[in-house]
file work19.cif (mmCIF, C-alpha atoms and all ligand atoms)
data_data
loop_
_atom_site.group_PDB
_atom_site.id
_atom_site.type_symbol
_atom_site.label_atom_id
_atom_site.label_comp_id
_atom_site.auth_asym_id
_atom_site.auth_seq_id
_atom_site.Cartn_x
_atom_site.Cartn_y
_atom_site.Cartn_z
ATOM 1 C CA MET N 1 107.767 85.563 118.219
ATOM 2 C CA SER N 2 109.868 88.731 118.453
ATOM 3 C CA LYS N 3 111.975 88.869 121.620
ATOM 4 C CA ALA N 4 111.407 92.590 121.898
ATOM 5 C CA TYR N 5 107.711 92.963 121.074
ATOM 6 C CA PRO N 6 104.677 90.851 121.942
ATOM 7 C CA TRP N 7 102.912 90.854 118.530
ATOM 8 C CA ARG N 8 102.819 87.973 116.052
ATOM 9 C CA ALA N 9 100.842 89.664 113.240
ATOM 10 C CA ILE N 10 101.254 93.334 112.350
ATOM 11 C CA ALA N 11 99.875 95.425 109.465
ATOM 12 C CA ILE N 12 101.534 98.707 108.516
ATOM 13 C CA THR N 13 100.463 101.224 105.859
ATOM 14 C CA GLY N 14 103.073 103.427 104.211
ATOM 15 C CA ALA N 15 105.701 100.729 104.827
ATOM 16 C CA SER N 16 107.549 101.529 101.587
ATOM 17 C CA SER N 17 109.415 104.523 103.016
ATOM 18 C CA GLY N 18 110.621 106.463 106.044
ATOM 19 C CA LEU N 19 108.991 105.766 109.387
ATOM 20 C CA GLY N 20 106.721 102.991 108.063
ATOM 21 C CA ARG N 21 109.660 101.010 106.719
ATOM 22 C CA ALA N 22 111.629 101.610 109.935
ATOM 23 C CA LEU N 23 108.654 100.352 111.984
ATOM 24 C CA ALA N 24 108.467 97.233 109.834
ATOM 25 C CA GLU N 25 112.193 96.527 110.182
ATOM 26 C CA GLU N 26 112.117 97.153 113.934
ATOM 27 C CA ALA N 27 109.217 94.710 114.375
ATOM 28 C CA ALA N 28 110.626 92.104 111.976
ATOM 29 C CA ALA N 29 111.755 88.865 113.626
ATOM 30 C CA ALA N 30 111.308 85.117 113.290
ATOM 31 C CA GLY N 31 107.735 84.145 114.164
ATOM 32 C CA VAL N 32 106.316 87.541 113.183
ATOM 33 C CA THR N 33 104.080 88.013 110.125
ATOM 34 C CA LEU N 34 104.157 91.493 108.632
ATOM 35 C CA HIS N 35 101.448 92.742 106.273
ATOM 36 C CA LEU N 36 103.076 95.714 104.567
ATOM 37 C CA SER N 37 101.434 98.148 102.163
ATOM 38 C CA GLY N 38 102.433 101.200 100.172
ATOM 39 C CA ARG N 39 101.917 102.664 96.698
ATOM 40 C CA ASP N 40 105.397 102.275 95.220
ATOM 41 C CA ALA N 41 105.887 98.600 94.358
ATOM 42 C CA ALA N 42 109.690 98.718 94.042
ATOM 43 C CA ARG N 43 110.265 100.494 97.358
ATOM 44 C CA LEU N 44 107.707 98.259 99.064
ATOM 45 C CA ALA N 45 109.516 95.161 97.747
ATOM 46 C CA ALA N 46 112.826 96.514 99.097
ATOM 47 C CA ALA N 47 111.260 97.093 102.537
ATOM 48 C CA ALA N 48 109.758 93.597 102.486
ATOM 49 C CA ALA N 49 113.137 92.060 101.575
ATOM 50 C CA ALA N 50 114.828 93.878 104.479
ATOM 51 C CA CYS N 51 112.203 92.480 106.869
ATOM 52 C CA ARG N 52 112.525 88.942 105.475
ATOM 53 C CA ALA N 53 116.280 89.189 106.046
ATOM 54 C CA ARG N 54 115.439 89.690 109.734
ATOM 55 C CA GLY N 55 113.448 86.462 109.781
ATOM 56 C CA ALA N 56 109.890 87.784 109.440
ATOM 57 C CA GLU N 57 107.259 86.343 107.135
ATOM 58 C CA VAL N 58 106.161 89.233 104.914
ATOM 59 C CA ARG N 59 103.100 89.735 102.730
ATOM 60 C CA GLU N 60 103.277 92.953 100.749
ATOM 61 C CA THR N 61 100.371 94.655 98.998
ATOM 62 C CA VAL N 62 100.452 97.672 96.718
ATOM 63 C CA LEU N 63 97.642 99.826 98.042
ATOM 64 C CA ASP N 64 96.386 103.406 98.075
ATOM 65 C CA VAL N 65 94.800 104.075 101.471
ATOM 66 C CA THR N 66 92.402 106.612 99.985
ATOM 67 C CA ASN N 67 90.696 103.615 98.334
ATOM 68 C CA ALA N 68 88.367 102.547 101.177
ATOM 69 C CA ILE N 69 87.248 99.293 99.525
ATOM 70 C CA ALA N 70 90.771 98.081 98.722
ATOM 71 C CA THR N 71 92.076 99.054 102.158
ATOM 72 C CA ALA N 72 89.239 97.264 103.977
ATOM 73 C CA ALA N 73 89.783 94.171 101.800
ATOM 74 C CA TRP N 74 93.495 94.205 102.678
ATOM 75 C CA ILE N 75 92.763 94.370 106.419
ATOM 76 C CA ARG N 76 89.973 91.756 106.261
ATOM 77 C CA GLY N 77 92.130 89.395 104.218
ATOM 78 C CA ALA N 78 95.042 89.453 106.645
ATOM 79 C CA GLY N 79 93.630 87.069 109.259
ATOM 80 C CA ARG N 80 94.295 87.747 112.933
ATOM 81 C CA LEU N 81 96.061 91.077 113.499
ATOM 82 C CA ASP N 82 97.601 91.966 116.859
ATOM 83 C CA LEU N 83 98.683 95.451 115.791
ATOM 84 C CA VAL N 84 97.659 97.715 112.918
ATOM 85 C CA ILE N 85 99.659 100.894 112.334
ATOM 86 C CA ALA N 86 97.907 103.493 110.163
ATOM 87 C CA ASN N 87 101.098 105.291 109.198
ATOM 88 C CA ALA N 88 100.656 106.357 105.545
ATOM 89 C CA GLY N 89 100.594 110.121 105.244
ATOM 90 C CA ILE N 90 101.593 113.117 103.178
ATOM 91 C CA SER N 91 102.648 116.595 104.214
ATOM 92 C CA GLY N 92 102.634 120.013 102.654
ATOM 93 C CA GLY N 93 102.483 123.651 103.657
ATOM 94 C CA THR N 94 101.569 127.047 102.349
ATOM 95 C CA GLY N 95 104.999 128.145 101.143
ATOM 96 C CA GLY N 96 103.977 131.462 102.738
ATOM 97 C CA ALA N 97 100.958 131.972 100.464
ATOM 98 C CA THR N 98 97.551 130.345 99.983
ATOM 99 C CA GLU N 99 97.681 126.578 100.377
ATOM 100 C CA PRO N 100 96.458 125.034 97.073
ATOM 101 C CA ALA N 101 92.938 123.617 97.360
ATOM 102 C CA GLY N 102 94.008 120.323 95.801
ATOM 103 C CA GLN N 103 96.752 119.906 98.398
ATOM 104 C CA VAL N 104 94.280 120.547 101.234
ATOM 105 C CA GLN N 105 91.948 117.877 99.811
ATOM 106 C CA ALA N 106 94.805 115.405 99.264
ATOM 107 C CA ILE N 107 96.148 115.854 102.799
ATOM 108 C CA PHE N 108 92.727 115.287 104.400
ATOM 109 C CA ALA N 109 91.934 112.364 102.078
ATOM 110 C CA THR N 110 95.192 110.597 102.973
ATOM 111 C CA ASN N 111 95.907 111.621 106.567
ATOM 112 C CA VAL N 112 92.311 111.460 107.830
ATOM 113 C CA GLY N 113 90.396 109.419 105.233
ATOM 114 C CA GLY N 114 93.246 106.926 104.778
ATOM 115 C CA VAL N 115 93.620 106.466 108.534
ATOM 116 C CA LEU N 116 89.887 105.833 108.934
ATOM 117 C CA ASN N 117 89.899 103.473 105.924
ATOM 118 C CA THR N 118 92.561 101.453 107.762
ATOM 119 C CA ALA N 119 91.477 101.757 111.385
ATOM 120 C CA LEU N 120 87.718 101.183 111.058
ATOM 121 C CA PRO N 121 87.930 97.743 109.392
ATOM 122 C CA ALA N 122 90.789 96.865 111.765
ATOM 123 C CA ILE N 123 88.588 97.612 114.784
ATOM 124 C CA GLU N 124 85.719 95.640 113.246
ATOM 125 C CA CYS N 125 87.959 92.595 112.619
ATOM 126 C CA MET N 126 89.607 92.807 116.027
ATOM 127 C CA SER N 127 86.252 92.830 117.786
ATOM 128 C CA ALA N 128 85.694 89.287 116.437
ATOM 129 C CA GLN N 129 89.163 88.020 117.449
ATOM 130 C CA PRO N 130 89.587 86.102 120.687
ATOM 131 C CA PRO N 131 91.451 88.082 123.341
ATOM 132 C CA GLY N 132 95.169 87.480 123.783
ATOM 133 C CA ALA N 133 97.507 88.374 126.657
ATOM 134 C CA GLY N 134 96.002 90.850 129.124
ATOM 135 C CA GLY N 135 92.562 90.449 127.531
ATOM 136 C CA ILE N 136 93.669 92.529 124.495
ATOM 137 C CA ARG N 137 92.102 91.534 121.166
ATOM 138 C CA GLY N 138 94.242 93.967 119.165
ATOM 139 C CA ARG N 139 95.811 97.416 118.982
ATOM 140 C CA VAL N 140 95.351 100.141 116.379
ATOM 141 C CA ALA N 141 97.964 102.912 116.290
ATOM 142 C CA VAL N 142 97.422 106.017 114.190
ATOM 143 C CA VAL N 143 100.507 107.992 113.251
ATOM 144 C CA ALA N 144 99.680 111.618 113.997
ATOM 145 C CA SER N 145 102.459 114.125 114.780
ATOM 146 C CA LEU N 146 103.485 116.751 117.313
ATOM 147 C CA ALA N 147 101.912 119.042 114.674
ATOM 148 C CA ALA N 148 98.598 117.835 116.153
ATOM 149 C CA PHE N 149 99.124 120.197 119.079
ATOM 150 C CA VAL N 150 99.852 123.418 117.151
ATOM 151 C CA ALA N 151 97.632 125.071 114.530
ATOM 152 C CA ALA N 152 100.696 126.304 112.617
ATOM 153 C CA PRO N 153 99.840 128.874 109.902
ATOM 154 C CA GLY N 154 102.583 127.388 107.672
ATOM 155 C CA ALA N 155 100.817 124.003 107.385
ATOM 156 C CA PRO N 156 97.084 124.416 108.117
ATOM 157 C CA ALA N 157 95.789 121.210 106.506
ATOM 158 C CA TYR N 158 98.635 119.034 107.798
ATOM 159 C CA CYS N 159 98.267 120.248 111.407
ATOM 160 C CA ALA N 160 94.468 119.902 111.300
ATOM 161 C CA SER N 161 94.632 116.412 109.772
ATOM 162 C CA LYS N 162 97.051 115.218 112.459
ATOM 163 C CA SER N 163 94.987 116.812 115.212
ATOM 164 C CA ALA N 164 91.870 115.037 113.916
ATOM 165 C CA VAL N 165 93.358 111.534 114.016
ATOM 166 C CA GLN N 166 95.185 112.093 117.319
ATOM 167 C CA ARG N 167 91.968 113.216 119.031
ATOM 168 C CA TRP N 168 89.866 110.530 117.380
ATOM 169 C CA ALA N 169 92.166 107.695 118.467
ATOM 170 C CA GLU N 170 92.598 108.944 122.010
ATOM 171 C CA ALA N 171 88.881 109.511 122.564
ATOM 172 C CA LEU N 172 87.869 106.203 120.970
ATOM 173 C CA ASP N 173 90.266 104.225 123.158
ATOM 174 C CA ALA N 174 88.083 104.991 126.175
ATOM 175 C CA THR N 175 85.168 102.955 124.817
ATOM 176 C CA GLU N 176 87.059 100.398 122.726
ATOM 177 C CA ARG N 177 89.255 99.232 125.593
ATOM 178 C CA ALA N 178 86.093 97.957 127.305
ATOM 179 C CA ARG N 179 85.898 95.300 124.599
ATOM 180 C CA GLY N 180 89.612 94.588 124.525
ATOM 181 C CA ILE N 181 90.692 96.849 121.656
ATOM 182 C CA ARG N 182 93.255 99.566 122.299
ATOM 183 C CA LEU N 183 93.833 102.687 120.220
ATOM 184 C CA HIS N 184 97.021 104.728 120.340
ATOM 185 C CA ALA N 185 98.037 108.126 118.964
ATOM 186 C CA VAL N 186 101.674 108.220 117.833
ATOM 187 C CA CYS N 187 102.982 111.794 117.816
ATOM 188 C CA PRO N 188 106.567 112.047 116.559
ATOM 189 C CA GLY N 189 108.574 115.238 116.271
ATOM 190 C CA TYR N 190 110.902 115.684 113.294
ATOM 191 C CA VAL N 191 112.087 112.371 111.842
ATOM 192 C CA ARG N 192 114.745 112.051 109.115
ATOM 193 C CA THR N 193 112.723 110.628 106.168
ATOM 194 C CA PRO N 194 112.002 111.607 102.553
ATOM 195 C CA MET N 195 109.102 113.687 103.937
ATOM 196 C CA THR N 196 111.397 115.992 105.914
ATOM 197 C CA ALA N 197 114.318 115.865 103.442
ATOM 198 C CA ARG N 198 112.694 118.668 101.456
ATOM 199 C CA ASN N 199 112.322 120.992 104.485
ATOM 200 C CA SER N 200 114.746 123.912 104.244
ATOM 201 C CA PHE N 201 113.988 125.270 107.737
ATOM 202 C CA PRO N 202 115.709 124.163 110.969
ATOM 203 C CA MET N 203 114.169 121.027 112.516
ATOM 204 C CA PRO N 204 114.995 120.898 116.229
ATOM 205 C CA PHE N 205 115.652 117.461 117.758
ATOM 206 C CA LEU N 206 115.558 115.799 114.299
ATOM 207 C CA MET N 207 115.896 112.046 114.899
ATOM 208 C CA ASP N 208 116.646 109.016 112.735
ATOM 209 C CA ALA N 209 113.731 106.867 111.594
ATOM 210 C CA ASP N 210 115.028 103.755 113.362
ATOM 211 C CA GLU N 211 115.135 105.617 116.691
ATOM 212 C CA ALA N 212 111.578 106.902 116.083
ATOM 213 C CA ALA N 213 110.459 103.349 115.266
ATOM 214 C CA ARG N 214 111.988 102.002 118.495
ATOM 215 C CA ARG N 215 110.319 104.711 120.578
ATOM 216 C CA THR N 216 106.999 104.064 118.845
ATOM 217 C CA LEU N 217 106.958 100.289 119.299
ATOM 218 C CA ARG N 218 108.217 100.468 122.890
ATOM 219 C CA GLY N 219 105.491 102.991 123.709
ATOM 220 C CA LEU N 220 102.829 100.788 122.127
ATOM 221 C CA ALA N 221 104.139 97.685 123.934
ATOM 222 C CA ALA N 222 103.943 99.644 127.196
ATOM 223 C CA GLY N 223 100.284 100.394 126.400
ATOM 224 C CA ARG N 224 100.718 104.174 126.276
ATOM 225 C CA LEU N 225 97.641 105.912 124.842
ATOM 226 C CA ARG N 226 99.729 108.772 123.441
ATOM 227 C CA VAL N 227 103.251 107.966 122.268
ATOM 228 C CA ALA N 228 104.807 111.431 121.869
ATOM 229 C CA TYR N 229 108.505 112.159 121.419
ATOM 230 C CA PRO N 230 110.992 113.756 121.788
ATOM 231 C CA LEU N 231 109.872 115.126 125.153
ATOM 232 C CA PRO N 232 111.340 118.673 124.900
ATOM 233 C CA LEU N 233 109.645 119.279 121.514
ATOM 234 C CA TYR N 234 106.414 117.729 122.794
ATOM 235 C CA TRP N 235 106.247 120.229 125.647
ATOM 236 C CA MET N 236 107.206 123.100 123.342
ATOM 237 C CA ALA N 237 104.343 122.078 121.027
ATOM 238 C CA ARG N 238 101.907 121.826 123.955
ATOM 239 C CA LEU N 239 102.949 125.296 125.177
ATOM 240 C CA ALA N 240 102.680 126.850 121.699
ATOM 241 C CA GLY N 241 99.289 125.187 121.312
ATOM 242 C CA ALA N 242 98.117 126.718 124.588
ATOM 243 C CA LEU N 243 98.898 130.300 123.493
ATOM 244 C CA PRO N 244 95.952 132.538 122.598
ATOM 245 C CA PRO N 245 95.408 131.815 118.873
ATOM 246 C CA ALA N 246 96.084 135.362 117.667
ATOM 247 C CA TRP N 247 99.402 135.443 119.579
ATOM 248 C CA ARG N 248 100.310 132.029 118.172
ATOM 249 C CA ASN N 249 99.591 133.155 114.613
ATOM 250 C CA ALA N 250 101.568 136.374 115.129
ATOM 251 C CA LEU N 251 104.532 134.342 116.432
ATOM 252 C CA PHE N 252 104.392 131.519 113.879
ATOM 253 C CA THR N 253 103.946 133.695 110.784
ATOM 254 C CA ARG N 254 107.500 134.983 111.498
ATOM 255 C CA LEU N 255 108.799 131.425 111.008
ATOM 256 C CA PRO N 256 109.426 129.876 107.556
ATOM 257 C CA ALA N 257 106.412 127.941 106.212
ATOM 258 C CA LYS N 258 106.579 124.379 104.921
ATOM 259 C CA ASP N 259 106.688 124.242 101.098
ATOM 260 C CA VAL N 260 103.739 123.295 98.919
ATOM 261 C CA THR N 261 104.280 119.625 97.986
ATOM 262 C CA GLN N 262 101.131 118.817 95.980
ATOM 263 C CA PRO N 263 100.782 121.822 93.639
ATOM 264 C CA GLY N 264 98.657 120.004 91.090
ATOM 265 C CA ALA N 265 96.800 117.663 93.440
HETATM 266 N N1 LIG Q 301 109.005 112.626 109.097
HETATM 267 C C1 LIG Q 301 108.531 113.304 110.117
HETATM 268 O O1 LIG Q 301 109.195 114.212 110.658
HETATM 269 C C2 LIG Q 301 107.175 112.996 110.685
HETATM 270 C C3 LIG Q 301 106.837 113.580 111.907
HETATM 271 C C4 LIG Q 301 105.600 113.303 112.452
HETATM 272 C C5 LIG Q 301 104.730 112.455 111.805
HETATM 273 N N2 LIG Q 301 105.089 111.914 110.620
HETATM 274 C C6 LIG Q 301 104.133 111.028 109.967
HETATM 275 O O2 LIG Q 301 104.724 109.769 109.783
HETATM 276 C C7 LIG Q 301 104.091 109.109 108.674
HETATM 277 C C8 LIG Q 301 105.171 108.585 107.736
HETATM 278 O O3 LIG Q 301 105.845 109.695 107.188
HETATM 279 P P1 LIG Q 301 107.369 109.633 106.701
HETATM 280 O O4 LIG Q 301 108.067 110.758 107.328
HETATM 281 O O5 LIG Q 301 107.882 108.270 106.840
HETATM 282 O O6 LIG Q 301 107.162 110.030 105.168
HETATM 283 P P2 LIG Q 301 107.565 109.312 103.803
HETATM 284 O O7 LIG Q 301 108.949 108.804 103.871
HETATM 285 O O8 LIG Q 301 107.173 110.279 102.755
HETATM 286 O O9 LIG Q 301 106.594 108.048 103.761
HETATM 287 C C9 LIG Q 301 105.214 108.199 103.602
HETATM 288 C C10 LIG Q 301 104.631 106.826 103.377
HETATM 289 O O10 LIG Q 301 103.218 106.976 103.238
HETATM 290 C C11 LIG Q 301 102.827 106.303 102.047
HETATM 291 N N3 LIG Q 301 101.669 106.945 101.445
HETATM 292 C C12 LIG Q 301 101.440 108.251 101.205
HETATM 293 N N4 LIG Q 301 100.239 108.426 100.637
HETATM 294 C C13 LIG Q 301 99.693 107.186 100.515
HETATM 295 C C14 LIG Q 301 98.480 106.685 100.000
HETATM 296 N N5 LIG Q 301 97.539 107.511 99.484
HETATM 297 N N6 LIG Q 301 98.250 105.359 100.049
HETATM 298 C C15 LIG Q 301 99.168 104.521 100.567
HETATM 299 N N7 LIG Q 301 100.360 104.920 101.051
HETATM 300 C C16 LIG Q 301 100.608 106.241 101.014
HETATM 301 C C17 LIG Q 301 104.023 106.382 101.120
HETATM 302 O O11 LIG Q 301 103.906 105.351 100.180
HETATM 303 P P3 LIG Q 301 104.600 105.444 98.712
HETATM 304 O O12 LIG Q 301 105.906 106.125 98.912
HETATM 305 O O13 LIG Q 301 104.705 104.009 98.330
HETATM 306 O O14 LIG Q 301 103.673 106.237 97.875
HETATM 307 C C18 LIG Q 301 105.148 106.169 102.095
HETATM 308 O O15 LIG Q 301 105.332 104.793 102.351
HETATM 309 C C19 LIG Q 301 103.168 110.145 108.037
HETATM 310 O O16 LIG Q 301 101.846 109.946 108.484
HETATM 311 C C20 LIG Q 301 103.714 111.444 108.573
HETATM 312 O O17 LIG Q 301 102.755 112.474 108.569
HETATM 313 C C21 LIG Q 301 106.298 112.143 110.027
#

call {"tool": "encode", "arguments": {"input": "work19.cif", "output": "structure tokens"}}
result
Amino acid sequence: MSKAYPWRAIAITGASSGLGRALAEEAAAAGVTLHLSGRDAARLAAAAAACRARGAEVRETVLDVTNAIATAAWIRGAGRLDLVIANAGISGGTGGATEPAGQVQAIFATNVGGVLNTALPAIECMSAQPPGAGGIRGRVAVVASLAAFVAAPGAPAYCASKSAVQRWAEALDATERARGIRLHAVCPGYVRTPMTARNSFPMPFLMDADEAARRTLRGLAAGRLRVAYPLPLYWMARLAGALPPAWRNALFTRLPAKDVTQPGA
């Protein structure tokens, strides 16, 4: 078992890149089985090899989380899971104009639909697992974002999708913990990954993916319902989110918008 973390079996979506790969590497240790998924087979294999080099047993599966049947089969076929991290996601903004309809659909299908396709079968499977330490049968973490707290005009679908999964996980934890299943909302600020590499605007408190992974797994191990970081940006996001909406829009439309990333989606 990992010295640092208490989980023996962990499933992570979007493990082929960025934060998902960093989470996998941070959790990788002798005695830990990692079930890793992503769409890009070559990058997924590279992530799996890095985790094996750290002593973990790794089973990798090429998977699109928008495919509900395949994602449920992956979760159900894994055996006991102590922690499932629904991390796979895409981003995109307006580029200062109308956000393309296909991008809006793709963002919701991946960031909301994909999270539900992962989390719902995970909860179902965990409910049948015997409880472990502290009476916990399993934990499901959804990777939201600090964008969950601000309806930013530059990224309407992204912010709304992250808000949806953050609120869903936090609310659901209240009832699921009664039967030994915990849900967690992970809300990172800016993390240095391929997703943010294309951003041309300033990203305050930008942090490396391995630091974000450490903060995430430590927060989950501590049982925190909301794992939000870095703290200064979290409070800035909460304050901006609390502004009257018309003021917030007036303020945020002066800032550069995120680019369109899925023009033909
Ligand atoms: N970077 C940040 O600043 C930041 C901040 C807050 C929250 N987040 C969230 O953190 C998560 C990871 O993002 P990242 O920054 O690590 O981005 P990334 O480097 O672009 O990685 C995204 C991952 O999601 C996977 N993915 C995307 N669509 C998928 C689909 N339909 N089915 C299966 N896998 C899919 C990708 O797989 P393939 O590459 O194999 O297609 C990739 O492994 C996302 O949910 C993101 O919204 C990121």

call {"tool": "resolve_selection", "arguments": {"input": "work19.cif", "expression": "the PyMOL selection byres (((not hetatm)) within 8 of (chain Q and resi 301))", "output": "PDB file with C-alpha atoms, keeping the file's coordinate frame"}}
result
ATOM      1  CA  THR N  13     100.463 101.224 105.859  1.00  0.00           C
ATOM      2  CA  GLY N  14     103.073 103.427 104.211  1.00  0.00           C
ATOM      3  CA  ALA N  15     105.701 100.729 104.827  1.00  0.00           C
ATOM      4  CA  SER N  16     107.549 101.529 101.587  1.00  0.00           C
ATOM      5  CA  SER N  17     109.415 104.523 103.016  1.00  0.00           C
ATOM      6  CA  GLY N  18     110.621 106.463 106.044  1.00  0.00           C
ATOM      7  CA  LEU N  19     108.991 105.766 109.387  1.00  0.00           C
ATOM      8  CA  GLY N  20     106.721 102.991 108.063  1.00  0.00           C
ATOM      9  CA  ARG N  21     109.660 101.010 106.719  1.00  0.00           C
ATOM     10  CA  SER N  37     101.434  98.148 102.163  1.00  0.00           C
ATOM     11  CA  GLY N  38     102.433 101.200 100.172  1.00  0.00           C
ATOM     12  CA  ARG N  39     101.917 102.664  96.698  1.00  0.00           C
ATOM     13  CA  ASP N  40     105.397 102.275  95.220  1.00  0.00           C
ATOM     14  CA  ALA N  41     105.887  98.600  94.358  1.00  0.00           C
ATOM     15  CA  ARG N  43     110.265 100.494  97.358  1.00  0.00           C
ATOM     16  CA  LEU N  44     107.707  98.259  99.064  1.00  0.00           C
ATOM     17  CA  VAL N  62     100.452  97.672  96.718  1.00  0.00           C
ATOM     18  CA  LEU N  63      97.642  99.826  98.042  1.00  0.00           C
ATOM     19  CA  ASP N  64      96.386 103.406  98.075  1.00  0.00           C
ATOM     20  CA  VAL N  65      94.800 104.075 101.471  1.00  0.00           C
ATOM     21  CA  THR N  66      92.402 106.612  99.985  1.00  0.00           C
ATOM     22  CA  ASN N  67      90.696 103.615  98.334  1.00  0.00           C
ATOM     23  CA  ALA N  86      97.907 103.493 110.163  1.00  0.00           C
ATOM     24  CA  ASN N  87     101.098 105.291 109.198  1.00  0.00           C
ATOM     25  CA  ALA N  88     100.656 106.357 105.545  1.00  0.00           C
ATOM     26  CA  GLY N  89     100.594 110.121 105.244  1.00  0.00           C
ATOM     27  CA  ILE N  90     101.593 113.117 103.178  1.00  0.00           C
ATOM     28  CA  SER N  91     102.648 116.595 104.214  1.00  0.00           C
ATOM     29  CA  ALA N 109      91.934 112.364 102.078  1.00  0.00           C
ATOM     30  CA  THR N 110      95.192 110.597 102.973  1.00  0.00           C
ATOM     31  CA  ASN N 111      95.907 111.621 106.567  1.00  0.00           C
ATOM     32  CA  GLY N 114      93.246 106.926 104.778  1.00  0.00           C
ATOM     33  CA  VAL N 143     100.507 107.992 113.251  1.00  0.00           C
ATOM     34  CA  ALA N 144      99.680 111.618 113.997  1.00  0.00           C
ATOM     35  CA  SER N 145     102.459 114.125 114.780  1.00  0.00           C
ATOM     36  CA  LEU N 146     103.485 116.751 117.313  1.00  0.00           C
ATOM     37  CA  ALA N 147     101.912 119.042 114.674  1.00  0.00           C
ATOM     38  CA  TYR N 158      98.635 119.034 107.798  1.00  0.00           C
ATOM     39  CA  LYS N 162      97.051 115.218 112.459  1.00  0.00           C
ATOM     40  CA  VAL N 186     101.674 108.220 117.833  1.00  0.00           C
ATOM     41  CA  CYS N 187     102.982 111.794 117.816  1.00  0.00           C
ATOM     42  CA  PRO N 188     106.567 112.047 116.559  1.00  0.00           C
ATOM     43  CA  GLY N 189     108.574 115.238 116.271  1.00  0.00           C
ATOM     44  CA  TYR N 190     110.902 115.684 113.294  1.00  0.00           C
ATOM     45  CA  VAL N 191     112.087 112.371 111.842  1.00  0.00           C
ATOM     46  CA  ARG N 192     114.745 112.051 109.115  1.00  0.00           C
ATOM     47  CA  THR N 193     112.723 110.628 106.168  1.00  0.00           C
ATOM     48  CA  PRO N 194     112.002 111.607 102.553  1.00  0.00           C
ATOM     49  CA  MET N 195     109.102 113.687 103.937  1.00  0.00           C
ATOM     50  CA  THR N 196     111.397 115.992 105.914  1.00  0.00           C
ATOM     51  CA  LEU N 206     115.558 115.799 114.299  1.00  0.00           C
ATOM     52  CA  ALA N 209     113.731 106.867 111.594  1.00  0.00           C
TER      53      ALA N 209
END

call {"tool": "resolve_selection", "arguments": {"input": "work19.cif", "expression": "the PyMOL selection byres (((chain N and resi 233-241) around 9) and not hetatm)", "output": "ChimeraX atom specification"}}
result
/N:146-152,187-189,204-205,228-232,242-245,248

call {"tool": "resolve_selection", "arguments": {"input": "work19.cif", "expression": "the PyMOL selection byres (((chain N and resi 225) around 8) and not hetatm)", "output": "count of residues only"}}
result
10

call {"tool": "atom_distance", "arguments": {"input": "work19.cif", "atom1": "CA of Ala155 in chain N", "atom2": "CA of Met203 in chain N"}}
result
14.6 Å

call {"tool": "closest_residue", "arguments": {"input": "work19.cif", "among": "N:Ala48, N:Leu120, N:Val32, N:Ala97", "to": "Ala257 in chain N", "atoms": "all atoms listed in the file"}}
result
N:Ala97

call {"tool": "atom_distance", "arguments": {"input": "work19.cif", "atom1": "CA of Ala213 in chain N", "atom2": "CA of Asp82 in chain N"}}
result
17.2 Å

call {"tool": "closest_residue", "arguments": {"input": "work19.cif", "among": "N:Ala119, N:Ala22, N:Ala106, N:Val140", "to": "Trp74 in chain N", "atoms": "only C-alpha atoms"}}
result
N:Ala119

call {"tool": "atom_distance", "arguments": {"input": "work19.cif", "atom1": "CA of Ile69 in chain N", "atom2": "CA of Ala122 in chain N"}}
result
13.0 Å

call {"tool": "decode", "arguments": {"input": "work19.cif", "residues": "range 117-126 of chain N", "atoms": "N, CA and C atoms", "output": "PDB file, in the first residue's frame"}}
result
ATOM      1  N   ASN N 117     -21.369   9.593 -16.096  1.00  0.00           N
ATOM      2  CA  ASN N 117     -21.143   8.229 -16.627  1.00  0.00           C
ATOM      3  C   ASN N 117     -20.111   7.472 -15.793  1.00  0.00           C
ATOM      4  N   THR N 118     -19.207   8.208 -15.165  1.00  0.00           N
ATOM      5  CA  THR N 118     -18.171   7.603 -14.321  1.00  0.00           C
ATOM      6  C   THR N 118     -18.671   7.428 -12.887  1.00  0.00           C
ATOM      7  N   ALA N 119     -19.238   8.508 -12.352  1.00  0.00           N
ATOM      8  CA  ALA N 119     -19.559   8.527 -10.913  1.00  0.00           C
ATOM      9  C   ALA N 119     -20.754   7.640 -10.565  1.00  0.00           C
ATOM     10  N   LEU N 120     -21.772   7.612 -11.427  1.00  0.00           N
ATOM     11  CA  LEU N 120     -22.982   6.847 -11.054  1.00  0.00           C
ATOM     12  C   LEU N 120     -22.702   5.345 -10.943  1.00  0.00           C
ATOM     13  N   PRO N 121     -22.041   4.709 -11.930  1.00  0.00           N
ATOM     14  CA  PRO N 121     -21.715   3.297 -11.721  1.00  0.00           C
ATOM     15  C   PRO N 121     -20.735   3.078 -10.574  1.00  0.00           C
ATOM     16  N   ALA N 122     -19.855   4.054 -10.335  1.00  0.00           N
ATOM     17  CA  ALA N 122     -18.906   3.920  -9.212  1.00  0.00           C
ATOM     18  C   ALA N 122     -19.673   3.876  -7.890  1.00  0.00           C
ATOM     19  N   ILE N 123     -20.644   4.751  -7.740  1.00  0.00           N
ATOM     20  CA  ILE N 123     -21.441   4.778  -6.500  1.00  0.00           C
ATOM     21  C   ILE N 123     -22.208   3.468  -6.349  1.00  0.00           C
ATOM     22  N   GLU N 124     -22.774   3.009  -7.463  1.00  0.00           N
ATOM     23  CA  GLU N 124     -23.541   1.742  -7.430  1.00  0.00           C
ATOM     24  C   GLU N 124     -22.631   0.583  -6.995  1.00  0.00           C
ATOM     25  N   CYS N 125     -21.441   0.497  -7.579  1.00  0.00           N
ATOM     26  CA  CYS N 125     -20.513  -0.597  -7.214  1.00  0.00           C
ATOM     27  C   CYS N 125     -20.047  -0.461  -5.772  1.00  0.00           C
ATOM     28  N   MET N 126     -19.750   0.767  -5.370  1.00  0.00           N
ATOM     29  CA  MET N 126     -19.240   0.960  -4.000  1.00  0.00           C
ATOM     30  C   MET N 126     -20.278   0.595  -2.954  1.00  0.00           C
TER      31      MET N 126
END
